[in-house]
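Enquirer: File name start.cif; file contents mmCIF, C-alpha atoms; full text below.
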```cif
data_entry
#
loop_
_atom_site.label_atom_id
_atom_site.label_comp_id
_atom_site.auth_asym_id
_atom_site.auth_seq_id
_atom_site.Cartn_x
_atom_site.Cartn_y
_atom_site.Cartn_z
CA MET E 287 40.71 52.47 160.50
CA PRO E 288 42.21 52.15 157.00
CA THR E 289 41.90 48.70 155.45
CA ARG E 290 45.23 47.04 154.84
CA ASN E 291 45.94 45.55 151.46
CA PRO E 292 47.63 42.17 152.00
CA ARG E 293 49.20 42.35 148.54
CA GLY E 294 51.09 45.54 149.35
CA PRO E 295 50.57 49.06 148.00
CA LEU E 296 47.92 49.45 145.33
CA ASP E 297 48.55 51.14 142.01
CA ALA E 298 44.83 51.71 141.34
CA VAL E 299 41.32 51.13 142.64
CA ILE E 300 38.88 50.22 139.88
CA ILE E 301 35.29 51.08 140.75
CA GLY E 302 32.82 48.86 138.91
CA ALA E 303 32.65 45.10 138.39
CA GLY E 304 30.90 45.14 135.03
CA VAL E 305 32.65 43.98 131.91
CA VAL E 306 34.53 47.28 131.44
CA GLY E 307 35.85 47.33 135.00
CA ALA E 308 36.72 43.63 134.68
CA ALA E 309 38.65 44.29 131.47
CA CYS E 310 40.52 47.17 133.13
CA ALA E 311 41.48 44.85 135.99
CA TYR E 312 42.50 42.08 133.60
CA TYR E 313 44.85 44.17 131.48
CA ALA E 314 46.21 46.18 134.40
CA SER E 315 47.02 43.08 136.45
CA ARG E 316 48.56 41.38 133.42
CA ALA E 317 50.79 44.45 133.07
CA GLY E 318 52.04 43.91 136.60
CA LEU E 319 49.96 46.63 138.29
CA ALA E 320 48.43 46.03 141.72
CA VAL E 321 44.71 46.76 141.44
CA THR E 322 41.55 46.11 143.41
CA VAL E 323 38.03 46.16 141.96
CA VAL E 324 35.30 47.54 144.21
CA ASP E 325 31.58 47.34 143.46
CA ARG E 326 28.55 48.15 145.57
CA GLY E 327 26.74 45.12 144.11
CA SER E 328 27.66 41.91 142.35
CA VAL E 329 29.67 41.09 139.24
CA ALA E 330 27.78 42.35 136.16
CA GLY E 331 25.01 43.62 138.41
CA GLY E 332 24.33 46.74 136.30
CA THR E 333 24.30 47.40 132.57
CA THR E 334 26.52 44.40 131.75
CA GLY E 335 24.01 41.92 133.13
CA ALA E 336 21.23 43.48 131.05
CA GLY E 337 23.13 43.38 127.76
CA GLU E 338 22.82 41.08 124.76
CA GLY E 339 26.56 40.57 124.46
CA ASN E 340 27.02 42.38 121.14
CA LEU E 341 30.55 42.62 119.75
CA LEU E 342 29.82 44.75 116.70
CA VAL E 343 31.73 46.63 114.07
CA SER E 344 28.79 46.67 111.64
CA ASP E 345 26.89 49.50 113.34
CA LYS E 346 29.81 51.92 113.73
CA GLU E 347 30.69 54.60 111.22
CA ALA E 348 34.32 55.20 110.32
CA GLY E 349 36.01 57.15 113.08
CA PRO E 350 37.30 56.79 116.65
CA GLU E 351 34.62 54.38 117.92
CA LEU E 352 35.13 52.05 114.96
CA ASP E 353 38.89 52.12 115.56
CA LEU E 354 38.19 51.14 119.17
CA ALA E 355 35.83 48.37 118.02
CA LEU E 356 38.37 46.93 115.59
CA LEU E 357 41.01 46.82 118.32
CA SER E 358 38.50 45.11 120.61
CA THR E 359 37.61 42.60 117.90
CA ARG E 360 41.23 41.49 117.81
CA LEU E 361 41.48 41.41 121.59
CA TRP E 362 38.27 39.38 122.01
CA ARG E 363 39.71 36.80 119.63
CA GLU E 364 42.89 36.67 121.71
CA LEU E 365 40.83 36.31 124.87
CA THR E 366 39.26 33.10 123.55
CA ASP E 367 42.60 31.44 124.34
CA VAL E 368 42.32 32.63 127.95
CA LEU E 369 38.64 32.54 128.83
CA PRO E 370 36.71 29.23 129.10
CA PRO E 371 33.89 28.12 126.77
CA GLU E 372 31.32 29.28 129.34
CA THR E 373 31.94 32.80 128.06
CA GLU E 374 30.01 31.68 124.93
CA TYR E 375 32.16 33.66 122.51
CA GLU E 376 30.58 33.09 119.12
CA PRO E 377 32.02 34.69 115.95
CA LYS E 378 28.67 34.37 114.19
CA GLY E 379 28.94 37.45 111.99
CA GLY E 380 26.30 40.07 111.38
CA LEU E 381 23.79 40.63 108.59
CA VAL E 382 22.34 44.08 107.99
CA VAL E 383 19.35 44.04 105.63
CA ALA E 384 17.72 46.76 103.53
CA PRO E 385 13.97 46.97 102.85
CA ASP E 386 14.33 49.19 99.78
CA GLU E 387 16.87 50.58 97.31
CA THR E 388 17.28 53.86 99.18
CA ALA E 389 18.34 52.00 102.34
CA LEU E 390 20.62 49.70 100.34
CA THR E 391 22.38 52.65 98.71
CA ALA E 392 22.95 54.20 102.13
CA LEU E 393 24.36 50.89 103.38
CA ARG E 394 26.77 50.74 100.42
CA ASP E 395 28.15 54.18 101.22
CA PHE E 396 28.37 53.32 104.92
CA ALA E 397 30.17 50.04 104.23
CA GLU E 398 32.60 51.64 101.81
CA ASP E 399 33.82 54.05 104.48
CA GLN E 400 34.06 51.18 106.97
CA ARG E 401 36.16 49.11 104.57
CA LYS E 402 38.70 51.91 104.34
CA ALA E 403 39.09 51.62 108.13
CA GLY E 404 39.65 47.85 108.03
CA VAL E 405 36.17 46.38 108.30
CA GLU E 406 35.18 43.30 106.31
CA ALA E 407 31.82 44.05 104.66
CA HIS E 408 30.37 41.99 101.80
CA GLU E 409 27.29 42.99 99.86
CA VAL E 410 24.65 40.27 99.64
CA PRO E 411 22.11 40.52 96.81
CA ALA E 412 18.47 39.80 97.51
CA GLY E 413 18.68 36.36 95.91
CA ARG E 414 21.47 35.27 98.28
CA LEU E 415 20.08 36.50 101.60
CA HIS E 416 18.38 33.17 102.26
CA ASP E 417 21.66 31.32 101.82
CA LEU E 418 22.77 33.09 105.02
CA GLU E 419 19.40 33.17 106.78
CA PRO E 420 16.88 30.62 105.43
CA HIS E 421 14.03 31.94 107.60
CA LEU E 422 14.47 35.60 106.69
CA ALA E 423 11.43 37.44 105.31
CA HIS E 424 11.00 37.78 101.57
CA GLY E 425 10.91 41.13 99.83
CA LEU E 426 14.19 42.56 101.15
CA VAL E 427 16.34 44.09 98.42
CA GLY E 428 19.74 43.07 99.79
CA GLY E 429 22.11 43.59 102.67
CA PHE E 430 25.67 43.41 103.94
CA HIS E 431 27.41 40.57 105.72
CA TYR E 432 29.93 41.50 108.45
CA PRO E 433 31.97 38.41 109.38
CA GLN E 434 33.80 40.25 112.21
CA ASP E 435 30.64 40.68 114.30
CA ALA E 436 30.44 38.32 117.27
CA GLN E 437 28.71 37.71 120.58
CA VAL E 438 29.48 36.70 124.16
CA GLN E 439 27.39 35.97 127.22
CA PRO E 440 28.13 39.30 128.94
CA ALA E 441 27.76 38.40 132.62
CA ARG E 442 29.91 35.31 132.18
CA ALA E 443 32.48 37.29 130.21
CA ALA E 444 32.78 39.81 133.05
CA ALA E 445 33.04 37.07 135.65
CA GLN E 446 35.72 35.20 133.73
CA LEU E 447 37.76 38.35 133.10
CA LEU E 448 37.68 39.06 136.83
CA LEU E 449 38.72 35.50 137.65
CA ALA E 450 41.64 35.82 135.24
CA ALA E 451 42.55 39.18 136.83
CA ARG E 452 42.51 37.59 140.29
CA ARG E 453 44.86 34.89 139.09
CA SER E 454 47.22 37.74 138.12
CA GLY E 455 46.96 39.22 141.61
CA ALA E 456 43.98 41.60 141.41
CA GLY E 457 41.71 42.01 144.40
CA VAL E 458 37.90 42.01 144.14
CA ARG E 459 35.59 43.49 146.79
CA LEU E 460 31.87 43.14 146.11
CA GLY E 461 28.92 44.53 148.03
CA GLU E 462 31.02 47.51 149.08
CA GLN E 463 29.99 51.00 148.02
CA VAL E 464 32.51 53.78 147.52
CA THR E 465 31.31 56.65 149.69
CA ALA E 466 34.18 59.08 149.07
CA VAL E 467 37.06 59.64 146.68
CA LEU E 468 40.06 60.71 148.75
CA THR E 469 42.38 63.47 147.58
CA ARG E 470 45.56 65.09 148.82
CA PRO E 471 45.85 68.83 149.59
CA ASP E 472 47.00 69.42 146.01
CA GLY E 473 43.80 67.79 144.68
CA SER E 474 45.38 64.57 143.44
CA ILE E 475 43.88 61.17 144.14
CA ARG E 476 44.98 59.18 147.16
CA GLY E 477 42.28 56.46 147.25
CA VAL E 478 38.67 55.78 148.19
CA ARG E 479 36.58 55.24 151.29
CA THR E 480 33.98 52.50 151.76
CA PRO E 481 32.03 51.37 154.82
CA ARG E 482 34.87 48.90 155.46
CA GLY E 483 37.53 51.59 155.58
CA GLU E 484 39.95 53.25 153.20
CA LEU E 485 41.78 51.87 150.18
CA HIS E 486 44.83 53.94 149.35
CA ALA E 487 46.09 54.22 145.77
CA PRO E 488 47.42 57.01 143.55
CA ALA E 489 44.81 56.23 140.89
CA VAL E 490 41.08 55.56 140.76
CA VAL E 491 39.33 54.21 137.65
CA ASN E 492 35.69 55.20 137.18
CA ALA E 493 34.09 52.17 135.47
CA THR E 494 30.67 52.64 137.03
CA GLY E 495 28.59 52.66 133.84
CA THR E 496 25.39 54.68 134.08
CA TRP E 497 26.43 55.95 137.51
CA ALA E 498 29.73 57.36 136.20
CA GLY E 499 28.45 60.93 136.42
CA ASP E 500 27.71 60.43 140.12
CA LEU E 501 31.19 59.03 140.73
CA ALA E 502 32.72 61.94 138.82
CA ARG E 503 30.85 64.39 141.08
CA LEU E 504 32.07 62.46 144.11
CA ALA E 505 35.60 63.06 142.83
CA GLY E 506 34.90 66.75 142.31
CA THR E 507 34.54 66.85 138.54
CA HIS E 508 31.93 66.65 135.78
CA LEU E 509 30.98 63.96 133.27
CA PRO E 510 27.52 64.17 131.60
CA VAL E 511 26.63 60.46 131.61
CA LEU E 512 22.89 59.77 131.36
CA PRO E 513 20.94 56.49 131.41
CA ARG E 514 19.30 55.36 128.16
CA ARG E 515 16.79 52.56 128.78
CA GLY E 516 16.52 49.51 126.55
CA PHE E 517 14.35 46.37 126.52
CA VAL E 518 15.13 42.85 125.29
CA LEU E 519 12.72 39.99 124.57
CA VAL E 520 13.73 36.36 125.17
CA THR E 521 11.87 33.59 123.35
CA GLU E 522 11.37 29.97 124.27
CA PRO E 523 14.28 27.69 123.26
CA LEU E 524 14.27 26.98 119.53
CA PRO E 525 16.33 25.14 116.96
CA ARG E 526 18.86 27.48 115.36
CA VAL E 527 16.42 29.49 113.24
CA VAL E 528 18.62 32.63 113.32
CA ARG E 529 22.26 32.04 112.40
CA HIS E 530 23.71 35.56 112.53
CA LYS E 531 23.09 38.78 114.34
CA VAL E 532 20.45 40.27 112.04
CA TYR E 533 19.04 43.75 111.96
CA ALA E 534 17.53 46.27 109.57
CA ALA E 535 19.47 49.29 108.34
CA ASP E 536 17.51 51.77 110.47
CA TYR E 537 19.16 50.34 113.61
CA ILE E 538 22.35 52.19 112.65
CA SER E 539 20.60 55.56 112.70
CA ASP E 540 18.93 54.70 116.03
CA VAL E 541 22.33 54.04 117.59
CA ALA E 542 23.65 57.39 116.37
CA SER E 543 20.57 59.36 117.38
CA GLY E 544 20.56 61.63 120.42
CA SER E 545 16.77 61.68 120.68
CA ALA E 546 15.25 61.12 124.11
CA ALA E 547 12.09 59.61 122.59
CA LEU E 548 11.41 55.89 122.24
CA GLN E 549 13.23 54.36 119.28
CA SER E 550 13.14 50.74 118.28
CA SER E 551 14.74 48.64 115.58
CA ALA E 552 14.82 44.89 116.04
CA VAL E 553 18.14 43.11 116.40
CA VAL E 554 17.49 39.37 116.23
CA GLU E 555 19.94 36.63 117.12
CA GLY E 556 19.98 33.05 118.27
CA THR E 557 21.98 31.83 121.26
CA PRO E 558 23.85 28.58 121.96
CA ALA E 559 21.27 27.78 124.65
CA GLY E 560 18.35 28.01 122.19
CA PRO E 561 16.37 31.17 123.00
CA VAL E 562 16.29 33.99 120.46
CA LEU E 563 17.15 37.45 121.80
CA ILE E 564 15.28 40.41 120.37
CA GLY E 565 16.43 43.97 121.05
CA ALA E 566 16.76 46.88 120.94
CA THR E 567 14.89 49.94 122.11
CA ARG E 568 16.35 53.24 123.24
CA GLU E 569 14.81 56.04 125.28
CA ARG E 570 16.01 58.54 127.87
CA VAL E 571 13.61 58.30 130.80
CA GLY E 572 16.07 58.52 133.68
CA PHE E 573 16.20 55.38 135.80
CA ASP E 574 12.50 54.62 135.30
CA ARG E 575 12.13 50.82 135.42
CA THR E 576 8.45 50.79 134.40
CA LEU E 577 7.65 48.09 131.87
CA SER E 578 6.82 49.68 128.52
CA ALA E 579 4.17 47.67 126.65
CA GLU E 580 4.69 49.88 123.61
CA ALA E 581 8.42 49.15 123.50
CA LEU E 582 7.82 45.41 123.76
CA ARG E 583 5.07 45.49 121.13
CA ARG E 584 7.33 47.31 118.68
CA LEU E 585 10.17 44.84 119.18
CA ALA E 586 7.91 41.82 118.71
CA THR E 587 6.33 43.29 115.56
CA GLN E 588 9.65 44.24 114.01
CA ALA E 589 11.25 40.88 114.80
CA ALA E 590 8.36 38.98 113.21
CA ALA E 591 8.62 41.24 110.14
CA LEU E 592 12.27 40.17 109.75
CA PHE E 593 11.64 36.52 110.66
CA PRO E 594 8.00 35.46 110.12
CA VAL E 595 8.83 32.12 111.76
CA LEU E 596 8.92 34.00 115.09
CA ASP E 597 5.33 35.20 114.77
CA ASP E 598 3.88 32.29 116.78
CA VAL E 599 6.87 31.77 119.09
CA ARG E 600 6.35 32.40 122.82
CA VAL E 601 8.26 35.14 124.58
CA ILE E 602 9.13 33.66 127.97
CA ARG E 603 10.61 36.75 129.57
CA THR E 604 11.77 40.32 129.05
CA TYR E 605 14.50 42.32 130.70
CA HIS E 606 15.82 45.82 130.49
CA GLY E 607 18.78 47.91 131.50
CA PHE E 608 20.27 51.37 131.19
CA ARG E 609 22.99 52.22 128.71
CA PRO E 610 25.52 54.86 129.85
CA TYR E 611 24.95 57.61 127.29
CA LEU E 612 27.27 60.51 126.53
CA PRO E 613 26.06 63.31 124.23
CA ASP E 614 28.60 62.73 121.44
CA HIS E 615 28.19 58.92 121.53
CA LEU E 616 31.85 58.32 122.34
CA PRO E 617 33.03 56.81 125.63
CA ALA E 618 35.24 58.62 128.12
CA ILE E 619 38.50 56.72 128.41
CA GLY E 620 41.68 57.83 130.12
CA PRO E 621 43.03 60.29 132.67
CA ASP E 622 40.98 63.27 133.80
CA PRO E 623 43.38 66.24 133.92
CA ARG E 624 41.01 68.10 136.24
CA VAL E 625 41.62 65.54 139.02
CA PRO E 626 45.14 64.08 138.81
CA GLY E 627 44.98 60.32 139.34
CA LEU E 628 41.33 59.98 138.27
CA PHE E 629 40.72 57.84 135.17
CA HIS E 630 37.43 57.22 133.40
CA ALA E 631 36.31 54.10 131.53
CA CYS E 632 32.63 54.71 130.91
CA GLY E 633 29.96 56.13 128.60
CA HIS E 634 30.01 53.32 126.01
CA GLU E 635 26.22 53.37 125.68
CA GLY E 636 25.15 50.05 124.09
CA ALA E 637 28.65 49.06 122.97
CA GLY E 638 30.33 48.47 126.33
CA ILE E 639 30.54 44.69 125.99
CA GLY E 640 32.19 44.93 122.61
CA LEU E 641 34.52 47.80 123.48
CA ALA E 642 35.56 46.52 126.92
CA PRO E 643 38.91 44.89 125.99
CA ALA E 644 40.22 47.92 124.07
CA THR E 645 39.05 50.18 126.90
CA GLY E 646 40.78 48.01 129.48
CA LEU E 647 43.98 47.95 127.46
CA LEU E 648 43.97 51.75 127.04
CA ILE E 649 43.39 52.25 130.78
CA ALA E 650 46.14 49.79 131.73
CA THR E 651 48.52 51.53 129.33
CA ALA E 652 47.64 54.95 130.73
CA LEU E 653 48.09 53.73 134.32
CA GLY E 654 51.49 52.31 133.44
CA GLY E 655 52.61 55.27 131.36
CA GLY E 656 52.99 53.25 128.17
CA GLN E 657 52.29 53.98 124.50
CA PRO E 658 48.56 53.58 123.68
CA ALA E 659 47.46 51.17 120.96
CA LEU E 660 45.45 53.93 119.26
CA ASP E 661 44.93 57.68 119.57
CA PRO E 662 43.12 58.25 122.89
CA ARG E 663 42.39 61.95 122.33
CA PRO E 664 38.84 61.57 120.96
CA PHE E 665 37.88 59.87 124.23
CA ARG E 666 39.37 62.43 126.62
CA PRO E 667 37.06 62.82 129.64
CA ASP E 668 37.38 66.61 129.87
CA ARG E 669 35.97 67.26 126.38
CA PHE E 670 32.57 68.36 127.72
CA ASP E 671 31.59 71.72 129.14
CA GLN E 672 29.31 71.99 132.17
CA ALA E 673 26.25 71.93 129.91
CA GLY E 674 27.31 68.57 128.48
CA ALA E 675 28.32 69.75 125.00
CA ALA E 676 31.52 68.35 123.51
CA GLN E 677 34.26 70.92 123.04
#
```
What does the file become when written as structure tokens?
Expert:
Amino acid sequence: MPTRNPRGPLDAVIIGAGVVGAACAYYASRAGLAVTVVDRGSVAGGTTGAGEGNLLVSDKEAGPELDLALLSTRLWRELTDVLPPETEYEPKGGLVVAPDETALTALRDFAEDQRKAGVEAHEVPAGRLHDLEPHLAHGLVGGFHYPQDAQVQPARAAAQLLLAARRSGAGVRLGEQVTAVLTRPDGSIRGVRTPRGELHAPAVVNATGTWAGDLARLAGTHLPVLPRRGFVLVTEPLPRVVRHKVYAADYISDVASGSAALQSSAVVEGTPAGPVLIGATRERVGFDRTLSAEALRRLATQAAALFPVLDDVRVIRTYHGFRPYLPDHLPAIGPDPRVPGLFHACGHEGAGIGLAPATGLLIATALGGGQPALDPRPFRPDRFDQAGAAQ
């Protein structure tokens, strides 16, 4: 028997209770749309719960993703008036450091293009690096300070966005797997089926992260999302020895790389609770959850090279997750013209936490037929051919 919706007819079913799905629900419900979020697990039970909470503009080259990040930066700041302190929003800023003059020159060119797009980037000479980070290693030739970089606690951010969406009338159904996407004879969406019955709506939003390709196939279309594994180290609680989000310049090239091989470049940051988080590795190994001693060794070595004070600090735990990777490193956001009524909000790779508000706003606008806050065409879901190449 179909499941009745006590709130009346639904405008959309949002599949996925990570931070992106939560942001879609938040902005859609605030726009007056009736939505229900469905997830086979718990809130932030996938990639969101395994993230560091990065809200970065510093690692994004000028172009569509940076435009999306700048919009999200503004929206995250607005959300601080809505979400409680438990979200741990911290506008700490980022510091990208260069080990040699070649890397510093590349950073200057990178930052100059970013500035033209609206990014705040300030060069820091070698003699001033320790004013920002007293425990930073000596011998670095300089860097760039990005005051717009920030951080949240990702699982709490997702939970609080969902709570705010529920206060605006959204429904949330956890532990309920979507087993079918329902369509009409003309191929358009009419809802989803779960073990509890059917939810009818003229729109379905695919916010399923690394499983977005599976959901797309369930709906009868194609999206080449692949998992890209990453590890994070968590130290024992410390005094605030790391003030910013700090990483070396080679992290930027790792983010942009499409290589399947193991890549690592330490991103080091303190947290309000005391532990230091150390990421990030990247490798395409499917959904293999095997602990990689080599990945952890690289992270620990690179972090200690940036901050020698961490050399004798205990790592109390590690965790890992899978970033939803698309071949051109841009997310899929918006309606899928191949299946009328299907919308995608996925493929953000390691930037999903940071890009969630802008993604949610774009989806809510598309669902309501409004004018988007930025050009959505670079993110169109049908830009890939069956082999996964962008068209």
Enquirer: Since I can't run it myself right now, could you work out what the PyMOL selection byres ((chain E and resi 620) around 8) selects here and report it as a list in words?
Expert: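 So the PyMOL selection byres ((chain E and resi 620) around 8) ends up selecting Ala618, Ile619, Pro621, Asp622, Phe629, His630, Ala631, Leu648, Ile649, Ala652, Pro662, Phe665, Arg666 and Pro667 of chain E.
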Enquirer: Counting all atoms listed in the file, write as an NGL selection string all protein and nucleic acid residues lying at most 9 Å from (17.8, 48.0, 103.7) in the file's frame.
Expert: :E and (382-393 or 426-429 or 534-536)
Enquirer: Which residues fall under the PyMOL selection byres ((chain E and resi 558) around 9) in this file, as a list of chain:residue names?
Expert: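 This file gives the following for the PyMOL selection byres ((chain E and resi 558) around 9): E:Glu374, E:Glu376, E:Arg526, E:Gly556, E:Thr557, E:Ala559, E:Gly560, E:Pro561.
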Enquirer: At a cut-off of 12 Å, using only C-alpha atoms, what residues contact Arg669 in chain E? Leave out same-chain residues fewer than 5 positions from it and give the result as a list of chain:residue names.
Expert: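 Once the nearby chain positions are removed, what remains is E:His508, E:Leu509, E:Pro510, E:Leu612, E:Pro613, E:Asp614, E:Leu616, E:Pro617, E:Ala618, E:Ile619, E:Gly620, E:Pro621, E:Asp622, E:Pro623, E:Arg624, E:Arg663, E:Pro664, E:Gly674, E:Ala675, E:Ala676, E:Gln677.
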Enquirer: Could you write out as a list of chain:residue names the residues that the PyMOL selection byres ((chain E and resi 337) around 8) matches in the shown file?
Expert: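 Applying the PyMOL selection byres ((chain E and resi 337) around 8) to the structure shown produces E:Thr333, E:Thr334, E:Gly335, E:Ala336, E:Glu338, E:Gly339, E:Asn340, E:Pro440, E:Gly607, E:Gly636, E:Ile639.
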Enquirer: Please indicate the distance in Å from CA of Pro610 in chain E to CA of Pro513 in chain E, rounded to one decimal place.
Expert: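 Computing the Euclidean distance for CA of Pro610 in chain E and CA of Pro513 in chain E yields 5.1 Å.
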Enquirer: Between E:His424, E:Ile564, E:Glu555, E:Leu468, single out the one closest to Gly483 in chain E, counting all atoms listed in the file.
Expert: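 Among E:His424, E:Ile564, E:Glu555, E:Leu468, it is E:Leu468 that comes nearest to Gly483 in chain E.
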Enquirer: List the neighbours of Leu582 in chain E out to 9 Å using all atoms listed in the file; skip same-chain residues closer than 4 positions along the sequence, and give me the result as a PyMOL selection string.
Expert: chain E and resi 517-519+567+577-578+586-587+604
Enquirer: Can you list, as a JSON list (two decimals) with C-alpha atoms, in the frame of the given file, every protein, DNA or RNA residue that comes within 8 Å of Val464 in chain E when you count only C-alpha atoms, leaving out same-chain residues fewer than 4 positions away?
Expert:
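The resulting file, selection33.json, is reproduced below:
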```
[["chain", "number", "residue", "atom", "x", "y", "z"],
["E", 301, "ILE", "CA", 35.29, 51.08, 140.75],
["E", 324, "VAL", "CA", 35.30, 47.54, 144.21],
["E", 325, "ASP", "CA", 31.58, 47.34, 143.46],
["E", 326, "ARG", "CA", 28.55, 48.15, 145.57],
["E", 478, "VAL", "CA", 38.67, 55.78, 148.19],
["E", 479, "ARG", "CA", 36.58, 55.24, 151.29],
["E", 480, "THR", "CA", 33.98, 52.50, 151.76],
["E", 481, "PRO", "CA", 32.03, 51.37, 154.82]]
```
Enquirer: Skipping near chain neighbours, those fewer than 5 positions away, what residues fall within 8 Å of Ile475 in chain E using all atoms listed in the file, listed as a PDB file with C-alpha atoms, in the frame of the given file?
Expert:
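What landed in out12.pdb:
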```
ATOM      1  CA  VAL E 467      37.060  59.640 146.680  1.00  0.00           C
ATOM      2  CA  LEU E 468      40.060  60.710 148.750  1.00  0.00           C
ATOM      3  CA  THR E 469      42.380  63.470 147.580  1.00  0.00           C
ATOM      4  CA  ARG E 470      45.560  65.090 148.820  1.00  0.00           C
ATOM      5  CA  ALA E 487      46.090  54.220 145.770  1.00  0.00           C
ATOM      6  CA  PRO E 488      47.420  57.010 143.550  1.00  0.00           C
ATOM      7  CA  ALA E 489      44.810  56.230 140.890  1.00  0.00           C
ATOM      8  CA  VAL E 490      41.080  55.560 140.760  1.00  0.00           C
ATOM      9  CA  VAL E 625      41.620  65.540 139.020  1.00  0.00           C
ATOM     10  CA  PRO E 626      45.140  64.080 138.810  1.00  0.00           C
ATOM     11  CA  GLY E 627      44.980  60.320 139.340  1.00  0.00           C
ATOM     12  CA  LEU E 628      41.330  59.980 138.270  1.00  0.00           C
TER      13      LEU E 628
END
```
Enquirer: Nearest residue to His416 in chain E out of E:Leu447, E:Val527, E:Ala309, E:Val562, using all atoms listed in the file?
Expert: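 Nearest candidate to His416 in chain E out of E:Leu447, E:Val527, E:Ala309, E:Val562: E:Val527.
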Enquirer: Pull out range 658-671 of chain E, keep N, CA, C and O atoms, and write it as a PDB file, in the first residue's frame.
Expert:
```pdb
ATOM      1  N   PRO E 658      18.421  31.043 -10.886  1.00  0.00           N
ATOM      2  CA  PRO E 658      19.555  30.564 -10.093  1.00  0.00           C
ATOM      3  C   PRO E 658      20.506  31.685  -9.707  1.00  0.00           C
ATOM      4  O   PRO E 658      20.646  32.679 -10.418  1.00  0.00           O
ATOM      5  N   ALA E 659      21.191  31.497  -8.581  1.00  0.00           N
ATOM      6  CA  ALA E 659      22.118  32.503  -8.070  1.00  0.00           C
ATOM      7  C   ALA E 659      23.402  32.568  -8.882  1.00  0.00           C
ATOM      8  O   ALA E 659      24.144  33.551  -8.777  1.00  0.00           O
ATOM      9  N   LEU E 660      23.707  31.549  -9.652  1.00  0.00           N
ATOM     10  CA  LEU E 660      24.852  31.557 -10.560  1.00  0.00           C
ATOM     11  C   LEU E 660      24.547  30.625 -11.727  1.00  0.00           C
ATOM     12  O   LEU E 660      23.566  29.889 -11.711  1.00  0.00           O
ATOM     13  N   ASP E 661      25.385  30.656 -12.731  1.00  0.00           N
ATOM     14  CA  ASP E 661      25.169  29.870 -13.943  1.00  0.00           C
ATOM     15  C   ASP E 661      25.279  28.378 -13.622  1.00  0.00           C
ATOM     16  O   ASP E 661      26.358  27.902 -13.246  1.00  0.00           O
ATOM     17  N   PRO E 662      24.184  27.613 -13.770  1.00  0.00           N
ATOM     18  CA  PRO E 662      24.236  26.195 -13.415  1.00  0.00           C
ATOM     19  C   PRO E 662      24.739  25.291 -14.541  1.00  0.00           C
ATOM     20  O   PRO E 662      24.929  24.092 -14.332  1.00  0.00           O
ATOM     21  N   ARG E 663      24.987  25.848 -15.716  1.00  0.00           N
ATOM     22  CA  ARG E 663      25.294  24.998 -16.870  1.00  0.00           C
ATOM     23  C   ARG E 663      26.560  24.153 -16.720  1.00  0.00           C
ATOM     24  O   ARG E 663      26.577  23.002 -17.185  1.00  0.00           O
ATOM     25  N   PRO E 664      27.622  24.650 -16.079  1.00  0.00           N
ATOM     26  CA  PRO E 664      28.804  23.782 -15.937  1.00  0.00           C
ATOM     27  C   PRO E 664      28.548  22.523 -15.113  1.00  0.00           C
ATOM     28  O   PRO E 664      29.326  21.570 -15.201  1.00  0.00           O
ATOM     29  N   PHE E 665      27.469  22.511 -14.336  1.00  0.00           N
ATOM     30  CA  PHE E 665      27.188  21.387 -13.451  1.00  0.00           C
ATOM     31  C   PHE E 665      26.097  20.459 -13.997  1.00  0.00           C
ATOM     32  O   PHE E 665      25.635  19.560 -13.295  1.00  0.00           O
ATOM     33  N   ARG E 666      25.697  20.666 -15.249  1.00  0.00           N
ATOM     34  CA  ARG E 666      24.571  19.894 -15.782  1.00  0.00           C
ATOM     35  C   ARG E 666      24.873  18.395 -15.716  1.00  0.00           C
ATOM     36  O   ARG E 666      25.957  17.938 -16.103  1.00  0.00           O
ATOM     37  N   PRO E 667      23.944  17.594 -15.228  1.00  0.00           N
ATOM     38  CA  PRO E 667      24.199  16.165 -15.013  1.00  0.00           C
ATOM     39  C   PRO E 667      24.371  15.351 -16.281  1.00  0.00           C
ATOM     40  O   PRO E 667      24.953  14.262 -16.235  1.00  0.00           O
ATOM     41  N   ASP E 668      23.892  15.845 -17.411  1.00  0.00           N
ATOM     42  CA  ASP E 668      23.961  15.067 -18.652  1.00  0.00           C
ATOM     43  C   ASP E 668      25.190  15.407 -19.481  1.00  0.00           C
ATOM     44  O   ASP E 668      25.235  15.137 -20.679  1.00  0.00           O
ATOM     45  N   ARG E 669      26.229  15.975 -18.863  1.00  0.00           N
ATOM     46  CA  ARG E 669      27.408  16.402 -19.623  1.00  0.00           C
ATOM     47  C   ARG E 669      28.375  15.259 -19.922  1.00  0.00           C
ATOM     48  O   ARG E 669      29.382  15.458 -20.616  1.00  0.00           O
ATOM     49  N   PHE E 670      28.118  14.075 -19.396  1.00  0.00           N
ATOM     50  CA  PHE E 670      29.003  12.935 -19.604  1.00  0.00           C
ATOM     51  C   PHE E 670      28.436  11.970 -20.623  1.00  0.00           C
ATOM     52  O   PHE E 670      27.219  11.735 -20.664  1.00  0.00           O
ATOM     53  N   ASP E 671      29.331  11.380 -21.430  1.00  0.00           N
ATOM     54  CA  ASP E 671      28.884  10.291 -22.297  1.00  0.00           C
ATOM     55  C   ASP E 671      28.918   8.981 -21.515  1.00  0.00           C
ATOM     56  O   ASP E 671      29.284   8.953 -20.333  1.00  0.00           O
TER      57      ASP E 671
END
```
